[in-house]
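Before any comments, here is the structure.
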Amino acid sequence: VQLQASGGGLVQAGGSLRLSCAASGRALSRAGKGWFRQAPGGRREFVASISGSGEDKFYADSVKGRFTISRDNAKNTVDLQMDNLKPEDTAVYYCSADPPTWEYWGQGTQVTVSS
């Protein structure tokens, strides 16, 4: 089972990016999935998660109203639409699967927001 994240990059404050995570293996097609991030010198922190059906979504307070998580079970992907980005959103973003232990992790994709 592998998770492959993509879509990171450099953007100015106020801009948008869309991250995507593709999971290999049908075992994760219905698993809960989420996004976490780790800023330089910081701890890995929760950003957003989505249930297997896609009905339940949870967000960190810091991203509520700006980020939107979605999934496509047919494609086995989970996306994170990030709008109105702020410099403090700069971090390596990781996708993960299989809560609550978050057993599976992708390699991370860098998001840099310039002021």
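Residues are named by chain letter and number: chains run A, B, ... in the order of the structure tokens, numbers start at 1 in each chain, and ligands are numbered from 1 in the order shown.
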
According to DSSP computed on the backbone, where in chain A is there strand (DSSP E or B)? Give the residues as JSON, numbers by chain.
{"A": [2, 3, 4, 5, 6, 9, 10, 11, 12, 17, 18, 19, 20, 21, 22, 23, 24, 33, 34, 35, 36, 37, 38, 44, 45, 46, 47, 48, 49, 50, 57, 58, 59, 67, 68, 69, 70, 71, 72, 77, 78, 79, 80, 81, 82, 91, 92, 93, 94, 95, 96, 97, 104, 105, 109, 110, 111, 112, 113, 114]}

So that I can see what lies close to Ala48 of chain A, please list as a PyMOL selection string the residues with an atom at most 8 Å from it, counting only C-alpha atoms and leaving out residues fewer than 5 positions away in the same chain.
chain A and resi 34-36+57-60+69

Who sits within 10 Å of Ser62 of chain A, only C-alpha atoms, same chain under 3 positions skipped, as a PyMOL selection string:
chain A and resi 47+59+65-67+88-89

Got time to write the residues from that selection, N, CA, C and O atoms, as a PDB file, in the first residue's frame?
ATOM      1  N   VAL A  47      -4.479  18.551   9.825  1.00  0.00           N
ATOM      2  CA  VAL A  47      -5.064  19.610   9.008  1.00  0.00           C
ATOM      3  C   VAL A  47      -6.533  19.319   8.715  1.00  0.00           C
ATOM      4  O   VAL A  47      -7.405  20.141   8.985  1.00  0.00           O
ATOM      5  N   TYR A  59     -11.788  19.579  10.318  1.00  0.00           N
ATOM      6  CA  TYR A  59     -10.721  20.512   9.987  1.00  0.00           C
ATOM      7  C   TYR A  59     -10.092  21.078  11.251  1.00  0.00           C
ATOM      8  O   TYR A  59     -10.752  21.273  12.261  1.00  0.00           O
ATOM      9  N   GLY A  65     -12.786  27.066   6.843  1.00  0.00           N
ATOM     10  CA  GLY A  65     -13.248  28.139   5.973  1.00  0.00           C
ATOM     11  C   GLY A  65     -12.309  28.457   4.827  1.00  0.00           C
ATOM     12  O   GLY A  65     -12.665  29.206   3.916  1.00  0.00           O
ATOM     13  N   ARG A  66     -11.103  27.893   4.860  1.00  0.00           N
ATOM     14  CA  ARG A  66     -10.130  28.147   3.785  1.00  0.00           C
ATOM     15  C   ARG A  66      -9.759  26.881   3.029  1.00  0.00           C
ATOM     16  O   ARG A  66      -9.480  26.925   1.836  1.00  0.00           O
ATOM     17  N   PHE A  67      -9.723  25.743   3.724  1.00  0.00           N
ATOM     18  CA  PHE A  67      -9.347  24.470   3.108  1.00  0.00           C
ATOM     19  C   PHE A  67     -10.582  23.586   2.984  1.00  0.00           C
ATOM     20  O   PHE A  67     -11.472  23.605   3.838  1.00  0.00           O
ATOM     21  N   GLU A  88       1.803  31.336   7.223  1.00  0.00           N
ATOM     22  CA  GLU A  88       1.874  30.321   8.276  1.00  0.00           C
ATOM     23  C   GLU A  88       1.375  28.948   7.816  1.00  0.00           C
ATOM     24  O   GLU A  88       1.474  27.972   8.572  1.00  0.00           O
ATOM     25  N   ASP A  89       0.857  28.858   6.607  1.00  0.00           N
ATOM     26  CA  ASP A  89       0.496  27.555   6.043  1.00  0.00           C
ATOM     27  C   ASP A  89       1.707  26.851   5.425  1.00  0.00           C
ATOM     28  O   ASP A  89       1.597  25.702   4.994  1.00  0.00           O
TER      29      ASP A  89
END

Proximity check segment 63-93 of chain A to segment 97-109 of chain A, 10 Å, nearest pairs one decimal Å, only C-alpha atoms, as a tab-separated table:
residue	atom	partner	partner_atom	distance
A:Val78	CA	A:Ala97	CA	9.8
A:Ala91	CA	A:Thr109	CA	8.4
A:Val92	CA	A:Thr109	CA	5.4
A:Tyr93	CA	A:Gly108	CA	5.2

What parts of segment 15-102 of chain A does DSSP call helix (DSSP H, G or I)? I'd like the answer as an MDAnalysis selection string.
chainID A and resid 26:28 87:89

Using the selection just defined, write its residues with C-alpha atoms as an mmCIF file, in the first residue's frame.
data_model
loop_
_atom_site.group_PDB
_atom_site.id
_atom_site.type_symbol
_atom_site.label_atom_id
_atom_site.label_comp_id
_atom_site.auth_asym_id
_atom_site.auth_seq_id
_atom_site.Cartn_x
_atom_site.Cartn_y
_atom_site.Cartn_z
ATOM 1 C CA ARG A 26 -7.924 -1.413 -3.007
ATOM 2 C CA ALA A 27 -7.535 -1.954 0.732
ATOM 3 C CA LEU A 28 -7.586 1.807 1.312
ATOM 4 C CA PRO A 87 2.533 32.403 5.158
ATOM 5 C CA GLU A 88 1.874 30.321 8.276
ATOM 6 C CA ASP A 89 0.496 27.555 6.043
#

Between atom CA of Val113 of chain A and atom CA of Asp83 of chain A, what distance in Å does the model show, to one decimal?
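Result for atom CA of Val113 of chain A versus atom CA of Asp83 of chain A: 11.3 Å, one decimal.
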
Neighbour list for Ala22 of chain A as an mmCIF file with all heavy atoms, in the first residue's frame, cut-off 6 Å, only C-alpha atoms, skip fewer than 2 positions in-chain:
data_model
loop_
_atom_site.group_PDB
_atom_site.id
_atom_site.type_symbol
_atom_site.label_atom_id
_atom_site.label_comp_id
_atom_site.auth_asym_id
_atom_site.auth_seq_id
_atom_site.Cartn_x
_atom_site.Cartn_y
_atom_site.Cartn_z
ATOM 1 N N LEU A 3 0.906 5.707 -0.606
ATOM 2 C CA LEU A 3 0.220 6.975 -0.787
ATOM 3 C C LEU A 3 1.172 7.934 -1.478
ATOM 4 O O LEU A 3 2.301 8.112 -1.019
ATOM 5 C CB LEU A 3 -0.224 7.550 0.560
ATOM 6 C CG LEU A 3 -1.225 6.713 1.358
ATOM 7 C CD1 LEU A 3 -1.414 7.298 2.747
ATOM 8 C CD2 LEU A 3 -2.552 6.639 0.628
ATOM 9 N N GLN A 4 0.719 8.549 -2.549
ATOM 10 C CA GLN A 4 1.558 9.450 -3.327
ATOM 11 C C GLN A 4 0.906 10.820 -3.388
ATOM 12 O O GLN A 4 -0.141 10.997 -3.999
ATOM 13 C CB GLN A 4 1.744 8.902 -4.744
ATOM 14 C CG GLN A 4 2.675 9.724 -5.611
ATOM 15 C CD GLN A 4 4.126 9.540 -5.244
ATOM 16 O OE1 GLN A 4 4.524 8.473 -4.789
ATOM 17 N NE2 GLN A 4 4.925 10.568 -5.423
ATOM 18 N N THR A 77 -8.527 8.481 -4.452
ATOM 19 C CA THR A 77 -7.771 9.713 -4.234
ATOM 20 C C THR A 77 -8.436 10.576 -3.166
ATOM 21 O O THR A 77 -9.635 10.457 -2.921
ATOM 22 C CB THR A 77 -7.663 10.549 -5.525
ATOM 23 O OG1 THR A 77 -8.979 10.867 -5.990
ATOM 24 C CG2 THR A 77 -6.908 9.798 -6.611
#
